[in-house]
Each structure stands twice: as C-alpha cells, then as structure tokens.
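Enquirer: Take this structure, written in structure tokens, and hold onto it; I'll ask about it next.
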Amino acid sequence: MITEILTKEDLQIFRVELLAELTELVTRLKSDIKQPLLPEGLRTEQACQLLDCSNGKLLSLRSSGKIRCRKVGGTLYYNQEDIRKLLKHGTRA
C-alpha cells in the first residue's frame, strides 16, 4: 500500500485552484442572470398609497386575482403592472 502525504504547500495549491474555480463560476453565473435578484414590485404600504386603499381592500384585490403578488422572505411585493392597469382603467380600489 502506498501512502501519500499531503504537505502544507499541496493544500495551499489546492486552495488557490479552488478559489479560482469558484470565482470563475460566480462570474459566469452573474453574467447569465438576466433578471435582477431584487424583487420587482411594490410593498404593501406603497400599493395602498397608490391605490388609496386599506390593507383589507388590498387583501381583497389580491384574493380576487385583480392584483398578483409574491412573497419574498416575509414581505409581499405587489405586481406593478396590475396596479397600473387598475389605475389606468379608473377602477376605484
């Protein structure tokens, strides 16, 4: 049986190569991302202000499908285009 001994220099070379590969991978992934990582949308407070409505009414609009939203972490983000359509058509929230 052959025993190989790893030296500090071997580990240092491995670390440098690994970091270079990870850096290249992250750079490639960043360039492949077409959409921003931040959510596009309005928070509840912003949506209520624009529509001049209460949180309850906003919940009703969401439940009825008139406004789409998505939850990121613990925060709801309302679809800006849906809000624009409601405002454009003069639909009173």
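Residues in the structure tokens are numbered from 1 in each chain, the chains being A, B, ... in the order shown, and ligands are numbered from 1 in the order shown.
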Which polymer residues have any atom within 12 Å of an atom of Arg70 in chain A, counting only C-alpha atoms, with same-chain residues fewer than 2 positions away left out, as a PDB file with N, CA, C and O atoms, in the first residue's frame?
Expert:
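Final file, selection03.pdb:
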```pdb
ATOM      1  N   PRO A  39     -36.615  41.843  -5.852  1.00  0.00           N
ATOM      2  CA  PRO A  39     -37.991  41.692  -6.331  1.00  0.00           C
ATOM      3  C   PRO A  39     -38.497  42.968  -6.990  1.00  0.00           C
ATOM      4  O   PRO A  39     -38.226  44.066  -6.531  1.00  0.00           O
ATOM      5  N   GLU A  40     -39.177  42.787  -8.112  1.00  0.00           N
ATOM      6  CA  GLU A  40     -39.824  43.925  -8.742  1.00  0.00           C
ATOM      7  C   GLU A  40     -41.241  43.961  -8.215  1.00  0.00           C
ATOM      8  O   GLU A  40     -41.971  43.003  -8.345  1.00  0.00           O
ATOM      9  N   GLY A  41     -41.603  45.048  -7.646  1.00  0.00           N
ATOM     10  CA  GLY A  41     -42.944  45.151  -7.108  1.00  0.00           C
ATOM     11  C   GLY A  41     -42.992  46.185  -6.017  1.00  0.00           C
ATOM     12  O   GLY A  41     -41.980  46.776  -5.647  1.00  0.00           O
ATOM     13  N   LEU A  42     -44.184  46.404  -5.555  1.00  0.00           N
ATOM     14  CA  LEU A  42     -44.396  47.401  -4.511  1.00  0.00           C
ATOM     15  C   LEU A  42     -44.750  46.700  -3.212  1.00  0.00           C
ATOM     16  O   LEU A  42     -45.510  45.737  -3.197  1.00  0.00           O
ATOM     17  N   ARG A  43     -44.216  47.204  -2.140  1.00  0.00           N
ATOM     18  CA  ARG A  43     -44.581  46.677  -0.832  1.00  0.00           C
ATOM     19  C   ARG A  43     -46.008  47.080  -0.510  1.00  0.00           C
ATOM     20  O   ARG A  43     -46.587  47.945  -1.159  1.00  0.00           O
ATOM     21  N   THR A  44     -46.561  46.457   0.497  1.00  0.00           N
ATOM     22  CA  THR A  44     -47.955  46.683   0.873  1.00  0.00           C
ATOM     23  C   THR A  44     -48.255  48.160   1.091  1.00  0.00           C
ATOM     24  O   THR A  44     -49.239  48.685   0.555  1.00  0.00           O
ATOM     25  N   ARG A  62     -56.138  41.151  -3.908  1.00  0.00           N
ATOM     26  CA  ARG A  62     -55.218  40.030  -4.080  1.00  0.00           C
ATOM     27  C   ARG A  62     -55.989  38.717  -4.128  1.00  0.00           C
ATOM     28  O   ARG A  62     -55.745  37.869  -4.989  1.00  0.00           O
ATOM     29  N   ILE A  67     -54.910  41.688  -8.424  1.00  0.00           N
ATOM     30  CA  ILE A  67     -53.517  42.094  -8.238  1.00  0.00           C
ATOM     31  C   ILE A  67     -52.722  40.857  -7.846  1.00  0.00           C
ATOM     32  O   ILE A  67     -53.081  40.163  -6.896  1.00  0.00           O
ATOM     33  N   ARG A  68     -51.678  40.600  -8.612  1.00  0.00           N
ATOM     34  CA  ARG A  68     -50.790  39.491  -8.272  1.00  0.00           C
ATOM     35  C   ARG A  68     -49.721  39.980  -7.295  1.00  0.00           C
ATOM     36  O   ARG A  68     -49.370  41.155  -7.296  1.00  0.00           O
ATOM     37  N   VAL A  72     -41.484  37.341  -0.739  1.00  0.00           N
ATOM     38  CA  VAL A  72     -40.041  37.130  -0.668  1.00  0.00           C
ATOM     39  C   VAL A  72     -39.665  37.304   0.790  1.00  0.00           C
ATOM     40  O   VAL A  72     -39.827  38.389   1.349  1.00  0.00           O
ATOM     41  N   GLY A  73     -39.196  36.245   1.381  1.00  0.00           N
ATOM     42  CA  GLY A  73     -38.963  36.280   2.820  1.00  0.00           C
ATOM     43  C   GLY A  73     -40.313  36.422   3.498  1.00  0.00           C
ATOM     44  O   GLY A  73     -41.221  35.656   3.265  1.00  0.00           O
ATOM     45  N   GLY A  74     -40.468  37.448   4.284  1.00  0.00           N
ATOM     46  CA  GLY A  74     -41.748  37.694   4.929  1.00  0.00           C
ATOM     47  C   GLY A  74     -42.482  38.885   4.340  1.00  0.00           C
ATOM     48  O   GLY A  74     -43.455  39.351   4.910  1.00  0.00           O
ATOM     49  N   THR A  75     -42.017  39.385   3.179  1.00  0.00           N
ATOM     50  CA  THR A  75     -42.581  40.603   2.607  1.00  0.00           C
ATOM     51  C   THR A  75     -43.330  40.299   1.320  1.00  0.00           C
ATOM     52  O   THR A  75     -42.839  39.573   0.461  1.00  0.00           O
ATOM     53  N   LEU A  76     -44.521  40.874   1.186  1.00  0.00           N
ATOM     54  CA  LEU A  76     -45.297  40.744  -0.048  1.00  0.00           C
ATOM     55  C   LEU A  76     -44.916  41.880  -0.997  1.00  0.00           C
ATOM     56  O   LEU A  76     -44.815  43.037  -0.586  1.00  0.00           O
ATOM     57  N   TYR A  77     -44.733  41.527  -2.268  1.00  0.00           N
ATOM     58  CA  TYR A  77     -44.462  42.512  -3.309  1.00  0.00           C
ATOM     59  C   TYR A  77     -45.568  42.407  -4.347  1.00  0.00           C
ATOM     60  O   TYR A  77     -45.797  41.348  -4.923  1.00  0.00           O
ATOM     61  N   TYR A  78     -46.265  43.520  -4.565  1.00  0.00           N
ATOM     62  CA  TYR A  78     -47.406  43.545  -5.477  1.00  0.00           C
ATOM     63  C   TYR A  78     -46.952  43.920  -6.877  1.00  0.00           C
ATOM     64  O   TYR A  78     -46.109  44.802  -7.061  1.00  0.00           O
ATOM     65  N   ASN A  79     -47.546  43.267  -7.857  1.00  0.00           N
ATOM     66  CA  ASN A  79     -47.192  43.467  -9.256  1.00  0.00           C
ATOM     67  C   ASN A  79     -47.520  44.891  -9.697  1.00  0.00           C
ATOM     68  O   ASN A  79     -48.671  45.323  -9.632  1.00  0.00           O
ATOM     69  N   GLN A  80     -46.495  45.598 -10.155  1.00  0.00           N
ATOM     70  CA  GLN A  80     -46.671  47.000 -10.541  1.00  0.00           C
ATOM     71  C   GLN A  80     -47.582  47.151 -11.756  1.00  0.00           C
ATOM     72  O   GLN A  80     -48.377  48.083 -11.827  1.00  0.00           O
TER      73      GLN A  80
END
```
Enquirer: Set the distance at 8 Å and use only C-alpha atoms: which residues neighbour range 46-48 of chain A once local chain neighbours fewer than 5 positions away are removed? I'd like the list as an NGL selection string.
Expert: :A and (53-55 or 58 or 78 or 83)
Enquirer: Quick check, in Å to one decimal: how far apart do CA of Lys30 in chain A and CA of Leu18 in chain A lie?
Expert: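 Here the two named atoms are 18.3 Å from each other.
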Enquirer: DSSP on the backbone, alpha helix (DSSP H) only: what residues of chain A does that give? Format it as a ChimeraX atom specification.
Expert: /A:8-32,44-51,55-63,80-88
Enquirer: To one decimal place, how far is CA of Leu51 in chain A from CA of Leu87 in chain A in Å?
Expert: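 If I compute the distance from CA of Leu51 in chain A to CA of Leu87 in chain A, I get 7.3 Å.
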Enquirer: Write down as a ChimeraX atom specification the residues of chain A whose backbone DSSP state falls under strand (DSSP E).
Expert: /A:42-43,69-72,75-78
Enquirer: What is the distance between CA of Glu4 in chain A and CA of Leu19 in chain A, in Å to one decimal?
Expert: 23.7 Å
